[in-house]
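Chemist: Dropping in coords_23.tsv, which is TSV, N, CA and C atoms:
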```tsv
chain	number	residue	atom	x	y	z
A	1	MET	N	42.20	104.51	57.56
A	1	MET	CA	42.40	105.45	56.49
A	1	MET	C	41.32	105.23	55.44
A	2	GLY	N	40.90	106.29	54.82
A	2	GLY	CA	39.97	106.23	53.71
A	2	GLY	C	40.52	107.01	52.54
A	3	VAL	N	40.22	106.59	51.33
A	3	VAL	CA	40.65	107.30	50.14
A	3	VAL	C	39.42	107.60	49.28
A	4	SER	N	39.42	108.78	48.71
A	4	SER	CA	38.41	109.17	47.73
A	4	SER	C	39.17	109.54	46.47
A	5	TYR	N	38.93	108.81	45.42
A	5	TYR	CA	39.63	109.03	44.16
A	5	TYR	C	38.81	109.93	43.26
A	6	PHE	N	39.42	111.03	42.83
A	6	PHE	CA	38.82	111.94	41.86
A	6	PHE	C	39.76	111.99	40.66
A	7	PRO	N	39.28	111.77	39.45
A	7	PRO	CA	40.13	111.54	38.29
A	7	PRO	C	41.02	112.71	37.86
A	8	LYS	N	40.70	113.93	38.23
A	8	LYS	CA	41.51	115.08	37.81
A	8	LYS	C	42.50	115.53	38.88
A	9	GLU	N	42.82	114.64	39.82
A	9	GLU	CA	43.79	114.94	40.87
A	9	GLU	C	45.14	115.28	40.24
A	10	LEU	N	45.85	116.25	40.82
A	10	LEU	CA	47.12	116.69	40.27
A	10	LEU	C	48.27	115.74	40.60
A	11	ARG	N	48.20	115.09	41.74
A	11	ARG	CA	49.28	114.18	42.12
A	11	ARG	C	49.28	112.96	41.23
A	12	ASN	N	50.42	112.33	41.10
A	12	ASN	CA	50.54	111.16	40.25
A	12	ASN	C	50.28	109.89	41.06
A	13	ASN	N	49.07	109.72	41.53
A	13	ASN	CA	48.67	108.52	42.23
A	13	ASN	C	48.49	107.38	41.24
A	14	PRO	N	48.41	106.15	41.71
A	14	PRO	CA	48.07	105.07	40.77
A	14	PRO	C	46.76	105.38	40.07
A	15	HIS	N	46.73	105.23	38.78
A	15	HIS	CA	45.55	105.44	37.94
A	15	HIS	C	45.10	106.89	37.90
A	16	SER	N	45.95	107.85	38.27
A	16	SER	CA	45.47	109.23	38.33
A	16	SER	C	45.10	109.79	36.96
A	17	TYR	N	45.58	109.18	35.89
A	17	TYR	CA	45.24	109.69	34.57
A	17	TYR	C	44.38	108.70	33.78
A	18	ALA	N	43.95	107.64	34.42
A	18	ALA	CA	43.11	106.65	33.74
A	18	ALA	C	41.68	107.16	33.62
A	19	PRO	N	41.00	106.85	32.51
A	19	PRO	CA	39.60	107.26	32.39
A	19	PRO	C	38.73	106.57	33.43
A	20	TYR	N	37.66	107.23	33.79
A	20	TYR	CA	36.74	106.71	34.81
A	20	TYR	C	36.23	105.31	34.43
A	21	GLU	N	36.00	105.07	33.16
A	21	GLU	CA	35.48	103.77	32.73
A	21	GLU	C	36.42	102.64	33.15
A	22	LEU	N	37.72	102.89	33.07
A	22	LEU	CA	38.68	101.87	33.49
A	22	LEU	C	38.70	101.71	35.00
A	23	LEU	N	38.51	102.80	35.71
A	23	LEU	CA	38.56	102.75	37.17
A	23	LEU	C	37.37	102.01	37.77
A	24	THR	N	36.29	101.91	37.04
A	24	THR	CA	35.11	101.23	37.57
A	24	THR	C	35.21	99.72	37.43
A	25	ARG	N	36.24	99.25	36.76
A	25	ARG	CA	36.44	97.80	36.63
A	25	ARG	C	37.01	97.24	37.93
A	26	PRO	N	36.63	96.02	38.29
A	26	PRO	CA	37.11	95.43	39.55
A	26	PRO	C	38.62	95.36	39.66
A	27	GLU	N	39.34	95.11	38.57
A	27	GLU	CA	40.79	95.01	38.65
A	27	GLU	C	41.44	96.35	39.01
A	28	ALA	N	40.84	97.45	38.63
A	28	ALA	CA	41.37	98.77	39.00
A	28	ALA	C	41.20	98.99	40.50
A	29	HIS	N	40.10	98.56	41.04
A	29	HIS	CA	39.87	98.70	42.48
A	29	HIS	C	40.92	97.96	43.27
A	30	SER	N	41.33	96.78	42.80
A	30	SER	CA	42.33	96.02	43.53
A	30	SER	C	43.68	96.73	43.51
A	31	ASN	N	44.02	97.41	42.40
A	31	ASN	CA	45.28	98.15	42.33
A	31	ASN	C	45.28	99.34	43.27
A	32	ILE	N	44.19	100.10	43.30
A	32	ILE	CA	44.09	101.23	44.21
A	32	ILE	C	44.08	100.74	45.65
A	33	HIS	N	43.37	99.66	45.89
A	33	HIS	CA	43.30	99.07	47.22
A	33	HIS	C	44.69	98.64	47.69
A	34	ARG	N	45.44	97.99	46.81
A	34	ARG	CA	46.79	97.53	47.15
A	34	ARG	C	47.69	98.72	47.50
A	35	TRP	N	47.63	99.79	46.70
A	35	TRP	CA	48.46	100.98	46.96
A	35	TRP	C	48.09	101.60	48.31
A	36	ALA	N	46.80	101.77	48.57
A	36	ALA	CA	46.37	102.42	49.81
A	36	ALA	C	46.69	101.56	51.03
A	37	CYS	N	46.59	100.26	50.89
A	37	CYS	CA	46.91	99.38	52.03
A	37	CYS	C	48.38	99.47	52.41
A	38	ASN	N	49.25	99.77	51.45
A	38	ASN	CA	50.67	99.94	51.76
A	38	ASN	C	50.94	101.24	52.49
A	39	VAL	N	50.04	102.20	52.37
A	39	VAL	CA	50.20	103.49	53.02
A	39	VAL	C	49.65	103.46	54.44
A	40	GLY	N	48.56	102.77	54.67
A	40	GLY	CA	47.93	102.73	55.99
A	40	GLY	C	46.85	101.68	56.06
A	41	ASN	N	46.12	101.66	57.16
A	41	ASN	CA	45.04	100.71	57.37
A	41	ASN	C	43.79	101.20	56.62
A	42	LEU	N	43.61	100.73	55.40
A	42	LEU	CA	42.51	101.19	54.55
A	42	LEU	C	41.20	100.56	54.99
A	43	VAL	N	40.22	101.40	55.34
A	43	VAL	CA	38.91	100.91	55.73
A	43	VAL	C	37.81	101.42	54.81
A	44	PHE	N	38.11	102.39	53.94
A	44	PHE	CA	37.10	102.95	53.05
A	44	PHE	C	37.75	103.46	51.78
A	45	LYS	N	37.07	103.25	50.64
A	45	LYS	CA	37.50	103.86	49.39
A	45	LYS	C	36.28	104.27	48.58
A	46	GLY	N	36.40	105.44	47.97
A	46	GLY	CA	35.35	105.94	47.10
A	46	GLY	C	35.97	106.34	45.77
A	47	ILE	N	35.36	105.96	44.66
A	47	ILE	CA	35.86	106.30	43.34
A	47	ILE	C	34.77	107.10	42.64
A	48	HIS	N	35.14	108.27	42.16
A	48	HIS	CA	34.17	109.19	41.57
A	48	HIS	C	34.51	109.50	40.12
A	49	ASP	N	33.53	109.96	39.37
A	49	ASP	CA	33.72	110.22	37.95
A	49	ASP	C	34.08	111.66	37.61
A	50	HIS	N	33.97	112.59	38.56
A	50	HIS	CA	34.31	113.99	38.33
A	50	HIS	C	35.07	114.53	39.52
A	51	GLY	N	35.76	115.63	39.31
A	51	GLY	CA	36.47	116.30	40.40
A	51	GLY	C	37.96	116.08	40.31
A	52	GLY	N	38.67	116.82	41.14
A	52	GLY	CA	40.12	116.73	41.11
A	52	GLY	C	40.73	117.21	42.40
A	53	HIS	N	41.82	117.95	42.27
A	53	HIS	CA	42.60	118.39	43.41
A	53	HIS	C	41.78	119.22	44.40
A	54	PHE	N	40.83	119.97	43.89
A	54	PHE	CA	39.98	120.79	44.75
A	54	PHE	C	38.60	120.16	44.89
A	55	ALA	N	38.57	118.87	45.19
A	55	ALA	CA	37.32	118.12	45.26
A	55	ALA	C	36.34	118.71	46.27
A	56	ALA	N	36.85	119.25	47.36
A	56	ALA	CA	35.97	119.84	48.36
A	56	ALA	C	35.20	121.03	47.79
A	57	HIS	N	35.77	121.70	46.82
A	57	HIS	CA	35.11	122.83	46.16
A	57	HIS	C	34.30	122.37	44.94
A	58	GLU	N	34.87	121.42	44.18
A	58	GLU	CA	34.26	120.97	42.93
A	58	GLU	C	33.10	120.00	43.16
A	59	GLU	N	33.27	119.08	44.06
A	59	GLU	CA	32.27	118.03	44.31
A	59	GLU	C	32.04	117.87	45.81
A	60	PRO	N	31.60	118.93	46.51
A	60	PRO	CA	31.50	118.85	47.97
A	60	PRO	C	30.52	117.77	48.45
A	61	GLU	N	29.43	117.55	47.71
A	61	GLU	CA	28.46	116.56	48.14
A	61	GLU	C	29.05	115.15	48.11
A	62	LYS	N	29.85	114.87	47.10
A	62	LYS	CA	30.46	113.55	46.98
A	62	LYS	C	31.51	113.32	48.07
A	63	LEU	N	32.34	114.32	48.32
A	63	LEU	CA	33.37	114.19	49.35
A	63	LEU	C	32.73	114.07	50.73
A	64	ALA	N	31.74	114.91	51.01
A	64	ALA	CA	31.04	114.83	52.30
A	64	ALA	C	30.31	113.50	52.43
A	65	GLY	N	29.77	112.99	51.34
A	65	GLY	CA	29.11	111.69	51.36
A	65	GLY	C	30.08	110.57	51.72
A	66	ASP	N	31.30	110.65	51.20
A	66	ASP	CA	32.32	109.65	51.56
A	66	ASP	C	32.63	109.72	53.05
A	67	LEU	N	32.76	110.92	53.58
A	67	LEU	CA	33.04	111.07	55.01
A	67	LEU	C	31.89	110.54	55.86
A	68	ARG	N	30.66	110.81	55.42
A	68	ARG	CA	29.50	110.30	56.16
A	68	ARG	C	29.46	108.77	56.13
A	69	GLN	N	29.77	108.20	54.98
A	69	GLN	CA	29.79	106.73	54.88
A	69	GLN	C	30.90	106.14	55.75
A	70	MET	N	32.05	106.78	55.76
A	70	MET	CA	33.18	106.25	56.51
A	70	MET	C	33.00	106.38	58.02
A	71	PHE	N	32.56	107.55	58.48
A	71	PHE	CA	32.47	107.81	59.92
A	71	PHE	C	31.07	107.70	60.50
A	72	GLY	N	30.06	107.58	59.65
A	72	GLY	CA	28.68	107.51	60.14
A	72	GLY	C	28.37	106.20	60.85
A	73	LYS	N	27.21	106.17	61.49
A	73	LYS	CA	26.79	104.95	62.18
A	73	LYS	C	26.80	103.78	61.20
A	74	GLY	N	27.47	102.72	61.60
A	74	GLY	CA	27.58	101.55	60.75
A	74	GLY	C	28.70	101.61	59.75
A	75	GLY	N	29.41	102.74	59.66
A	75	GLY	CA	30.53	102.88	58.74
A	75	GLY	C	31.77	102.19	59.26
A	76	PRO	N	32.76	101.96	58.41
A	76	PRO	CA	33.95	101.23	58.81
A	76	PRO	C	34.81	101.93	59.86
A	77	ALA	N	34.70	103.24	60.01
A	77	ALA	CA	35.48	103.96	61.02
A	77	ALA	C	34.59	104.50	62.14
A	78	PHE	N	33.37	104.01	62.23
A	78	PHE	CA	32.42	104.52	63.22
A	78	PHE	C	32.95	104.36	64.64
A	79	SER	N	33.49	103.23	64.98
A	79	SER	CA	33.96	102.98	66.34
A	79	SER	C	35.47	103.04	66.43
A	80	VAL	N	36.06	104.03	65.78
A	80	VAL	CA	37.51	104.15	65.75
A	80	VAL	C	38.10	104.41	67.14
A	81	VAL	N	37.36	105.08	68.00
A	81	VAL	CA	37.80	105.31	69.38
A	81	VAL	C	37.08	104.31	70.27
A	82	PRO	N	37.83	103.42	70.91
A	82	PRO	CA	37.18	102.41	71.75
A	82	PRO	C	36.26	103.03	72.82
A	83	ASP	N	35.12	102.44	73.02
A	83	ASP	CA	34.14	102.84	74.04
A	83	ASP	C	33.52	104.21	73.78
A	84	LYS	N	33.69	104.76	72.60
A	84	LYS	CA	33.07	106.05	72.24
A	84	LYS	C	32.35	105.89	70.92
A	85	SER	N	31.11	106.34	70.88
A	85	SER	CA	30.35	106.22	69.64
A	85	SER	C	30.48	107.48	68.78
A	86	GLY	N	30.89	108.59	69.36
A	86	GLY	CA	30.94	109.84	68.62
A	86	GLY	C	29.63	110.59	68.67
A	87	TYR	N	28.62	109.97	69.28
A	87	TYR	CA	27.31	110.59	69.38
A	87	TYR	C	26.90	110.63	70.84
A	88	ASP	N	26.40	111.74	71.30
A	88	ASP	CA	25.92	111.86	72.68
A	88	ASP	C	24.41	111.97	72.69
```
Would you write out, as structure tokens, the structure that this file holds?
Modeler:
Amino acid sequence: MGVSYFPKELRNNPHSYAPYELLTRPEAHSNIHRWACNVGNLVFKGIHDHGGHFAAHEEPEKLAGDLRQMFGKGGPAFSVVPDKSGYD
């Protein structure tokens, strides 16, 4: 699982209303990490300074960048399917 945090998200996630400056502190990362690990096998997290519920529309480059980092060659989910690289 991967999470991308955008500060204007509508859902009440941990730290969903905290200013970006607080989220960039290491202790905030551990809280988000702890929450996500309880939901699933967390292998990637991205924290951004702009965007919200419609991040794919508001910040498409950032969201696509997170997906590329997570699933791209060398990323934490690159070899999610055993014996398949995803590239032919």
Chemist: For Lys45 of chain A, which of A:Val80, A:Phe71, A:Tyr5, A:Leu10 is the closest residue, counting only N, CA and C atoms?
Modeler: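 Of A:Val80, A:Phe71, A:Tyr5, A:Leu10, the one nearest Lys45 of chain A, counting only N, CA and C atoms, is A:Tyr5.
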Chemist: Write out as a list in words each polymer residue whose atoms come within 8 Å of Asp66 of chain A, counting all atoms listed in the file; drop sequence neighbours fewer than 4 positions from it.
Modeler: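 Counting all atoms listed in the file, the residues come to Val3, Ser4, Lys45, Gly46, Pro60, Glu61, Lys62, Met70, Phe71 and Gly72 of chain A.
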Chemist: Please indicate the distance in Å from atom C of His50 of chain A to atom N of Lys8 of chain A, rounded to one decimal place.
Modeler: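 The value is 5.8 Å.
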Chemist: Return the single residue from A:Met1, A:Gly65, A:Asp83, A:Ala56 that is closest to Val43 of chain A, with distances computed using all atoms listed in the file.
Modeler: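 Among the listed residues, A:Met1 lies closest to Val43 of chain A.
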Chemist: Just to confirm, what's the straight-line distance from atom C of Lys73 of chain A to atom CA of His48 of chain A in Å (one decimal)?
Modeler: 21.7 Å
Chemist: Quick one: distance from atom C of Asn41 of chain A to atom C of Ala77 of chain A in Å, one decimal?
Modeler: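 Here the two named atoms are 11.2 Å from each other.
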Chemist: Among segment 34-86 of chain A, which residues carry a DSSP assignment of helix (DSSP H, G or I), reported as a PyMOL selection string?
Modeler: chain A and resi 34-39+55-58+60-71
Chemist: How big is the axis-aligned box around all listed atoms of segment 51-61 of chain A once 3 Å goes on each side, and where's its centre, in Å to one decimal, as JSON?
Modeler:
```
{"center_x": 35.5, "center_y": 119.0, "center_z": 43.9, "size_x": 20.1, "size_y": 13.7, "size_z": 15.1}
```
Chemist: Which one is closest to Gly40 of chain A: A:Gly52, A:Pro82, A:Gly2, A:Pro76? Count only N, CA and C atoms.
Modeler: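 Distance minimum relative to Gly40 of chain A lands on A:Gly2.
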